[in-house]
>>> print(open('run21.pdb').read())   # PDB, C-alpha atoms
ATOM      1  CA  MET P   1      32.573 115.819  82.943
ATOM      2  CA  LEU P   2      35.919 116.810  84.472
ATOM      3  CA  THR P   3      38.760 117.566  82.070
ATOM      4  CA  ILE P   4      42.358 118.518  82.856
ATOM      5  CA  LYS P   5      44.092 120.596  80.206
ATOM      6  CA  ILE P   6      47.424 122.314  79.824
ATOM      7  CA  SER P   7      47.193 126.080  79.927
ATOM      8  CA  ASP P   8      49.345 129.151  80.455
ATOM      9  CA  PRO P   9      49.072 130.679  83.946
ATOM     10  CA  ASN P  10      48.959 134.094  82.265
ATOM     11  CA  ALA P  11      46.010 133.133  80.045
ATOM     12  CA  PRO P  12      42.629 134.704  80.786
ATOM     13  CA  GLU P  13      41.131 131.265  81.502
ATOM     14  CA  ALA P  14      43.671 130.716  84.288
ATOM     15  CA  PHE P  15      43.605 134.177  85.834
ATOM     16  CA  ALA P  16      40.349 133.831  87.803
ATOM     17  CA  ILE P  17      41.186 130.432  89.338
ATOM     18  CA  ILE P  18      44.698 131.558  90.326
ATOM     19  CA  GLU P  19      43.215 134.661  91.936
ATOM     20  CA  GLU P  20      40.661 132.512  93.767
ATOM     21  CA  LEU P  21      43.462 130.270  95.041
ATOM     22  CA  SER P  22      45.465 133.288  96.186
ATOM     23  CA  GLN P  23      42.459 134.790  97.975
ATOM     24  CA  ASN P  24      41.668 131.441  99.621
ATOM     25  CA  LEU P  25      45.245 131.129 100.899
ATOM     26  CA  TYR P  26      45.302 134.709 102.127
ATOM     27  CA  GLU P  27      42.021 134.327 104.033
ATOM     28  CA  ARG P  28      43.090 131.031 105.601
ATOM     29  CA  PHE P  29      46.792 131.629 106.272
ATOM     30  CA  GLY P  30      47.562 135.346 105.870
ATOM     31  CA  SER P  31      49.695 134.902 102.731
ATOM     32  CA  ASP P  32      48.556 134.444  99.138
ATOM     33  CA  GLY P  33      51.538 132.382  97.947
ATOM     34  CA  LYS P  34      52.021 134.497  94.823
ATOM     35  CA  ASN P  35      55.683 135.217  95.580
ATOM     36  CA  SER P  36      56.436 131.501  95.137
ATOM     37  CA  PHE P  37      55.151 131.518  91.571
ATOM     38  CA  THR P  38      56.940 134.436  89.958
ATOM     39  CA  ASP P  39      59.600 132.741  87.828
ATOM     40  CA  TRP P  40      57.300 130.858  85.460
ATOM     41  CA  GLU P  41      58.779 130.121  82.027
ATOM     42  CA  SER P  42      55.862 129.591  79.632
ATOM     43  CA  ASP P  43      58.218 128.665  76.802
ATOM     44  CA  ASN P  44      59.991 125.964  78.849
ATOM     45  CA  PRO P  45      58.399 122.526  78.220
ATOM     46  CA  LYS P  46      59.523 121.365  81.686
ATOM     47  CA  HIS P  47      57.080 123.910  83.166
ATOM     48  CA  VAL P  48      53.540 122.506  83.088
ATOM     49  CA  PHE P  49      50.474 124.456  84.236
ATOM     50  CA  VAL P  50      47.014 122.919  84.068
ATOM     51  CA  VAL P  51      43.437 123.888  84.713
ATOM     52  CA  ALA P  52      40.585 121.580  85.622
ATOM     53  CA  VAL P  53      37.347 122.171  83.750
ATOM     54  CA  LEU P  54      34.028 120.813  85.022
ATOM     55  CA  ASN P  55      31.524 121.128  82.212
ATOM     56  CA  THR P  56      32.498 124.697  81.203
ATOM     57  CA  GLU P  57      33.675 126.027  84.576
ATOM     58  CA  ILE P  58      37.349 126.289  85.561
ATOM     59  CA  VAL P  59      37.372 124.522  88.955
ATOM     60  CA  GLY P  60      41.035 123.966  89.744
ATOM     61  CA  CYS P  61      44.662 124.358  88.790
ATOM     62  CA  GLY P  62      48.115 122.998  89.416
ATOM     63  CA  ALA P  63      51.650 123.182  88.084
ATOM     64  CA  ILE P  64      55.050 121.565  88.047
ATOM     65  CA  ARG P  65      58.311 123.321  87.407
ATOM     66  CA  PRO P  66      61.857 122.007  87.324
ATOM     67  CA  LEU P  67      64.094 122.170  90.364
ATOM     68  CA  SER P  68      66.747 120.079  88.637
ATOM     69  CA  GLU P  69      67.005 117.750  85.664
ATOM     70  CA  LYS P  70      65.423 114.930  87.701
ATOM     71  CA  ALA P  71      63.218 116.768  90.218
ATOM     72  CA  GLY P  72      60.078 118.814  89.686
ATOM     73  CA  GLU P  73      58.178 120.958  92.155
ATOM     74  CA  VAL P  74      54.397 120.901  92.450
ATOM     75  CA  LYS P  75      52.951 124.422  92.693
ATOM     76  CA  ARG P  76      49.601 126.228  92.799
ATOM     77  CA  MET P  77      47.445 123.184  93.525
ATOM     78  CA  PHE P  78      43.828 124.183  94.037
ATOM     79  CA  ALA P  79      40.399 122.600  93.768
ATOM     80  CA  LYS P  80      37.446 124.973  93.997
ATOM     81  CA  TYR P  81      35.077 122.254  95.243
ATOM     82  CA  PRO P  82      36.415 119.893  97.942
ATOM     83  CA  GLY P  83      35.445 116.228  97.862
ATOM     84  CA  LYS P  84      34.901 115.960  94.105
ATOM     85  CA  ASN P  85      38.310 114.397  93.264
ATOM     86  CA  ILE P  86      39.357 117.522  91.369
ATOM     87  CA  GLY P  87      42.650 117.771  93.242
ATOM     88  CA  GLN P  88      43.414 114.085  92.676
ATOM     89  CA  ALA P  89      42.690 114.415  88.953
ATOM     90  CA  ILE P  90      45.002 117.431  88.707
ATOM     91  CA  LEU P  91      47.786 115.753  90.686
ATOM     92  CA  SER P  92      47.538 112.522  88.671
ATOM     93  CA  PHE P  93      47.753 114.494  85.427
ATOM     94  CA  LEU P  94      50.772 116.429  86.670
ATOM     95  CA  GLU P  95      52.512 113.237  87.811
ATOM     96  CA  SER P  96      51.939 111.720  84.376
ATOM     97  CA  LYS P  97      53.394 114.798  82.690
ATOM     98  CA  ALA P  98      56.340 114.746  85.095
ATOM     99  CA  LYS P  99      57.111 111.160  84.074
ATOM    100  CA  GLU P 100      56.954 112.191  80.401
ATOM    101  CA  GLN P 101      59.483 114.939  81.214
ATOM    102  CA  HIS P 102      61.753 112.282  82.789
ATOM    103  CA  TYR P 103      61.460 113.626  86.304
ATOM    104  CA  GLU P 104      62.299 110.972  88.880
ATOM    105  CA  GLU P 105      60.671 112.760  91.804
ATOM    106  CA  LEU P 106      58.261 115.518  92.681
ATOM    107  CA  VAL P 107      58.544 117.694  95.763
ATOM    108  CA  LEU P 108      56.287 120.358  97.180
ATOM    109  CA  GLU P 109      55.715 122.693 100.084
ATOM    110  CA  THR P 110      52.533 123.579 101.877
ATOM    111  CA  ARG P 111      51.736 125.183 105.181
ATOM    112  CA  VAL P 112      51.734 123.146 108.397
ATOM    113  CA  LYS P 113      48.317 124.686 109.171
ATOM    114  CA  ASN P 114      46.911 123.373 105.882
ATOM    115  CA  GLN P 115      45.908 120.006 107.294
ATOM    116  CA  GLU P 116      43.651 119.247 104.306
ATOM    117  CA  ALA P 117      46.608 119.553 101.929
ATOM    118  CA  CYS P 118      48.943 117.583 104.200
ATOM    119  CA  SER P 119      46.422 114.751 104.429
ATOM    120  CA  PHE P 120      45.797 114.871 100.662
ATOM    121  CA  TYR P 121      49.491 114.495  99.822
ATOM    122  CA  LEU P 122      50.034 111.710 102.348
ATOM    123  CA  LYS P 123      47.048 109.819 100.864
ATOM    124  CA  SER P 124      48.585 110.391  97.412
ATOM    125  CA  ASN P 125      51.765 108.535  98.501
ATOM    126  CA  TYR P 126      53.917 111.572  99.158
ATOM    127  CA  ARG P 127      56.141 111.383 102.205
ATOM    128  CA  ARG P 128      57.224 114.158 104.479
ATOM    129  CA  ILE P 129      60.812 115.292 103.930
ATOM    130  CA  PRO P 130      63.056 117.908 105.527
ATOM    131  CA  ASN P 131      62.170 121.376 104.315
ATOM    132  CA  TYR P 132      64.177 122.314 101.224
ATOM    133  CA  GLY P 133      65.357 125.509  99.551
ATOM    134  CA  LYS P 134      63.784 128.703 100.808
ATOM    135  CA  TYR P 135      61.550 126.665 103.140
ATOM    136  CA  ALA P 136      64.500 125.129 105.052
ATOM    137  CA  ASN P 137      64.188 127.249 108.193
ATOM    138  CA  ARG P 138      60.482 128.024 108.044
ATOM    139  CA  LEU P 139      58.528 126.511 110.908
ATOM    140  CA  ASP P 140      55.212 127.246 109.159
ATOM    141  CA  ALA P 141      56.195 125.137 106.107
ATOM    142  CA  VAL P 142      56.061 121.387 105.557
ATOM    143  CA  CYS P 143      57.578 119.640 102.529
ATOM    144  CA  PHE P 144      56.695 116.390 100.788
ATOM    145  CA  GLN P 145      58.287 114.172  98.134
ATOM    146  CA  LYS P 146      57.168 111.341  95.861
ATOM    147  CA  THR P 147      59.385 109.076  93.778
ATOM    148  CA  LEU P 148      57.840 108.580  90.345
TER     149      LEU P 148
END
>>> encode(input="run21.pdb", output="structure tokens")
Amino acid sequence: MLTIKISDPNAPEAFAIIEELSQNLYERFGSDGKNSFTDWESDNPKHVFVVAVLNTEIVGCGAIRPLSEKAGEVKRMFAKYPGKNIGQAILSFLESKAKEQHYEELVLETRVKNQEACSFYLKSNYRRIPNYGKYANRLDAVCFQKTL
């Protein structure tokens, strides 16, 4: 049974899966992505971090944080086991929470080399957009957006 639940990224239950995500990114792309997740506000209800639990094992994570009053950014998406719909369950949960927070759109960045992620977001009805913010001039980054 897969369950998605809200957590704190600093909680012990989240630590191991975030570290696994960071290690996975570092091994695949040479950067762990941690520097893009340093301004988390646990006491801000517009920041939502979740973990995916399969039976009793933490098998994934994801987050949204505000970019503006109407736009949220998807961060730290990870599914430990590909092909089990863990990522889709996490993303669907986050999109639902984003709607509850009155976001009108979600945006995100991933690496151009991360073809699995690019394909996943396109299949989830995200569309490619010009790179935004700190990703604007990065050739290794690709950004996506979805209207909620």
>>> closest_residue(input="run21.pdb", among="P:Asp8, P:Thr110, P:Gly60, P:His102", to="Leu25 in chain P", atoms="all atoms listed in the file")
P:Thr110
>>> atom_distance(input="run21.pdb", atom1="CA of Glu104 in chain P", atom2="CA of Asn85 in chain P")
24.6 Å
>>> resolve_selection(input="run21.pdb", expression="the PyMOL selection byres ((chain P and resi 142) around 9)", output="PDB file with C-alpha atoms, in the coordinates of the input")
ATOM      1  CA  LEU P 108      56.287 120.358  97.180  1.00  0.00           C
ATOM      2  CA  GLU P 109      55.715 122.693 100.084  1.00  0.00           C
ATOM      3  CA  THR P 110      52.533 123.579 101.877  1.00  0.00           C
ATOM      4  CA  ARG P 111      51.736 125.183 105.181  1.00  0.00           C
ATOM      5  CA  VAL P 112      51.734 123.146 108.397  1.00  0.00           C
ATOM      6  CA  CYS P 118      48.943 117.583 104.200  1.00  0.00           C
ATOM      7  CA  ARG P 128      57.224 114.158 104.479  1.00  0.00           C
ATOM      8  CA  ILE P 129      60.812 115.292 103.930  1.00  0.00           C
ATOM      9  CA  PRO P 130      63.056 117.908 105.527  1.00  0.00           C
ATOM     10  CA  ASN P 131      62.170 121.376 104.315  1.00  0.00           C
ATOM     11  CA  TYR P 135      61.550 126.665 103.140  1.00  0.00           C
ATOM     12  CA  ARG P 138      60.482 128.024 108.044  1.00  0.00           C
ATOM     13  CA  LEU P 139      58.528 126.511 110.908  1.00  0.00           C
ATOM     14  CA  ASP P 140      55.212 127.246 109.159  1.00  0.00           C
ATOM     15  CA  ALA P 141      56.195 125.137 106.107  1.00  0.00           C
ATOM     16  CA  CYS P 143      57.578 119.640 102.529  1.00  0.00           C
ATOM     17  CA  PHE P 144      56.695 116.390 100.788  1.00  0.00           C
TER      18      PHE P 144
END
>>> resolve_selection(input="run21.pdb", expression="the PyMOL selection byres ((chain P and resi 71) around 12)", output="list of chain:residue names")
P:Lys46, P:His47, P:Ile64, P:Arg65, P:Pro66, P:Leu67, P:Ser68, P:Glu69, P:Lys70, P:Gly72, P:Glu73, P:Val74, P:Glu95, P:Ala98, P:Lys99, P:Gln101, P:His102, P:Tyr103, P:Glu104, P:Glu105, P:Leu106, P:Val107, P:Leu108, P:Gln145, P:Lys146, P:Thr147, P:Leu148
>>> residues_near_point(input="run21.pdb", point="(49.4, 127.2, 91.7)", cutoff="7 Å", atoms="all atoms listed in the file", output="JSON, numbers by chain")
{"P": [18, 61, 62, 63, 75, 76, 77, 78]}
>>> closest_residue(input="run21.pdb", among="P:Ala117, P:Ile17, P:Ala11, P:Ala136", to="Glu57 in chain P", atoms="all atoms listed in the file")
P:Ile17
>>> atom_distance(input="run21.pdb", atom1="CA of Tyr26 in chain P", atom2="CA of Asn137 in chain P")
21.2 Å
>>> resolve_selection(input="run21.pdb", expression="the PyMOL selection byres ((chain P and resi 80) around 12)", output="MDAnalysis selection string")
chainID P and resid 16:24 51:54 57:62 77:79 81:87 90
>>> axis_aligned_box(input="run21.pdb", around="range 57-65 of chain P", padding_each_side="6 Å", output="lines of an AutoDock Vina configuration file")
center_x = 46.0
center_y = 123.9
center_z = 87.2
size_x = 36.6
size_y = 16.7
size_z = 17.2
>>> closest_residue(input="run21.pdb", among="P:Trp40, P:Asp32, P:Pro45, P:Ser96", to="Ile4 in chain P", atoms="only C-alpha atoms")
P:Ser96
>>> atom_distance(input="run21.pdb", atom1="CA of Thr56 in chain P", atom2="CA of Ser7 in chain P")
14.8 Å
>>> closest_residue(input="run21.pdb", among="P:Thr3, P:Pro9, P:Val48, P:Asp43", to="Glu100 in chain P", atoms="only C-alpha atoms")
P:Val48
>>> closest_residue(input="run21.pdb", among="P:Phe120, P:Phe15, P:Tyr132, P:Phe49", to="Phe93 in chain P", atoms="all atoms listed in the file")
P:Phe49
>>> decode(input="run21.pdb", residues="range 71-145 of chain P", atoms="C-alpha atoms", output="CSV table (one decimal), in the first residue's frame")
chain,number,residue,atom,x,y,z
P,71,ALA,CA,3.1,30.2,-8.5
P,72,GLY,CA,4.7,27.3,-6.7
P,73,GLU,CA,7.9,25.4,-7.5
P,74,VAL,CA,8.2,21.7,-7.5
P,75,LYS,CA,11.4,20.5,-5.7
P,76,ARG,CA,13.2,17.4,-4.6
P,77,MET,CA,11.0,14.9,-6.6
P,78,PHE,CA,12.3,11.4,-6.2
P,79,ALA,CA,11.0,7.8,-6.5
P,80,LYS,CA,13.3,5.1,-5.2
P,81,TYR,CA,11.8,2.4,-7.4
P,82,PRO,CA,11.1,3.4,-11.0
P,83,GLY,CA,8.0,2.1,-12.8
P,84,LYS,CA,5.8,1.7,-9.7
P,85,ASN,CA,3.9,5.0,-10.1
P,86,ILE,CA,5.5,6.5,-6.9
P,87,GLY,CA,6.5,9.7,-8.7
P,88,GLN,CA,3.0,10.1,-10.2
P,89,ALA,CA,1.4,9.6,-6.8
P,90,ILE,CA,3.8,12.2,-5.2
P,91,LEU,CA,3.2,14.7,-8.0
P,92,SER,CA,-0.6,14.3,-7.9
P,93,PHE,CA,-0.6,14.9,-4.2
P,94,LEU,CA,1.6,18.0,-4.5
P,95,GLU,CA,-0.7,19.3,-7.3
P,96,SER,CA,-3.7,18.8,-5.1
P,97,LYS,CA,-2.0,20.6,-2.2
P,98,ALA,CA,-1.0,23.4,-4.5
P,99,LYS,CA,-4.6,23.9,-5.6
P,100,GLU,CA,-5.6,24.1,-1.9
P,101,GLN,CA,-3.0,26.8,-1.4
P,102,HIS,CA,-4.5,28.7,-4.3
P,103,TYR,CA,-1.6,28.4,-6.6
P,104,GLU,CA,-2.5,28.8,-10.3
P,105,GLU,CA,0.6,27.2,-11.7
P,106,LEU,CA,3.5,25.0,-10.8
P,107,VAL,CA,7.0,25.3,-12.3
P,108,LEU,CA,10.1,23.3,-12.0
P,109,GLU,CA,13.6,22.7,-13.2
P,110,THR,CA,15.5,19.6,-14.0
P,111,ARG,CA,18.6,18.7,-15.9
P,112,VAL,CA,18.5,18.4,-19.7
P,113,LYS,CA,20.4,15.1,-19.2
P,114,ASN,CA,17.6,13.7,-17.0
P,115,GLN,CA,15.6,12.4,-19.8
P,116,GLU,CA,13.5,10.2,-17.5
P,117,ALA,CA,12.4,13.3,-15.5
P,118,CYS,CA,11.7,15.3,-18.7
P,119,SER,CA,9.6,12.6,-20.1
P,120,PHE,CA,7.7,12.1,-16.8
P,121,TYR,CA,6.8,15.8,-16.6
P,122,LEU,CA,5.7,16.0,-20.2
P,123,LYS,CA,3.5,12.9,-19.7
P,124,SER,CA,2.1,14.7,-16.6
P,125,ASN,CA,0.9,17.6,-18.8
P,126,TYR,CA,3.7,20.0,-18.0
P,127,ARG,CA,5.1,22.0,-20.8
P,128,ARG,CA,8.5,23.3,-21.5
P,129,ILE,CA,9.1,27.0,-20.7
P,130,PRO,CA,12.0,29.3,-21.0
P,131,ASN,CA,14.4,28.8,-18.1
P,132,TYR,CA,13.5,31.1,-15.1
P,133,GLY,CA,15.3,32.6,-12.2
P,134,LYS,CA,18.7,31.3,-11.4
P,135,TYR,CA,18.3,28.7,-14.3
P,136,ALA,CA,17.8,31.4,-17.0
P,137,ASN,CA,21.3,31.2,-18.5
P,138,ARG,CA,22.1,27.5,-17.7
P,139,LEU,CA,22.4,25.3,-20.7
P,140,ASP,CA,22.2,22.2,-18.5
P,141,ALA,CA,18.8,23.1,-17.1
P,142,VAL,CA,15.3,22.7,-18.6
P,143,CYS,CA,12.2,24.2,-17.0
P,144,PHE,CA,8.6,23.1,-17.1
P,145,GLN,CA,5.2,24.6,-16.1
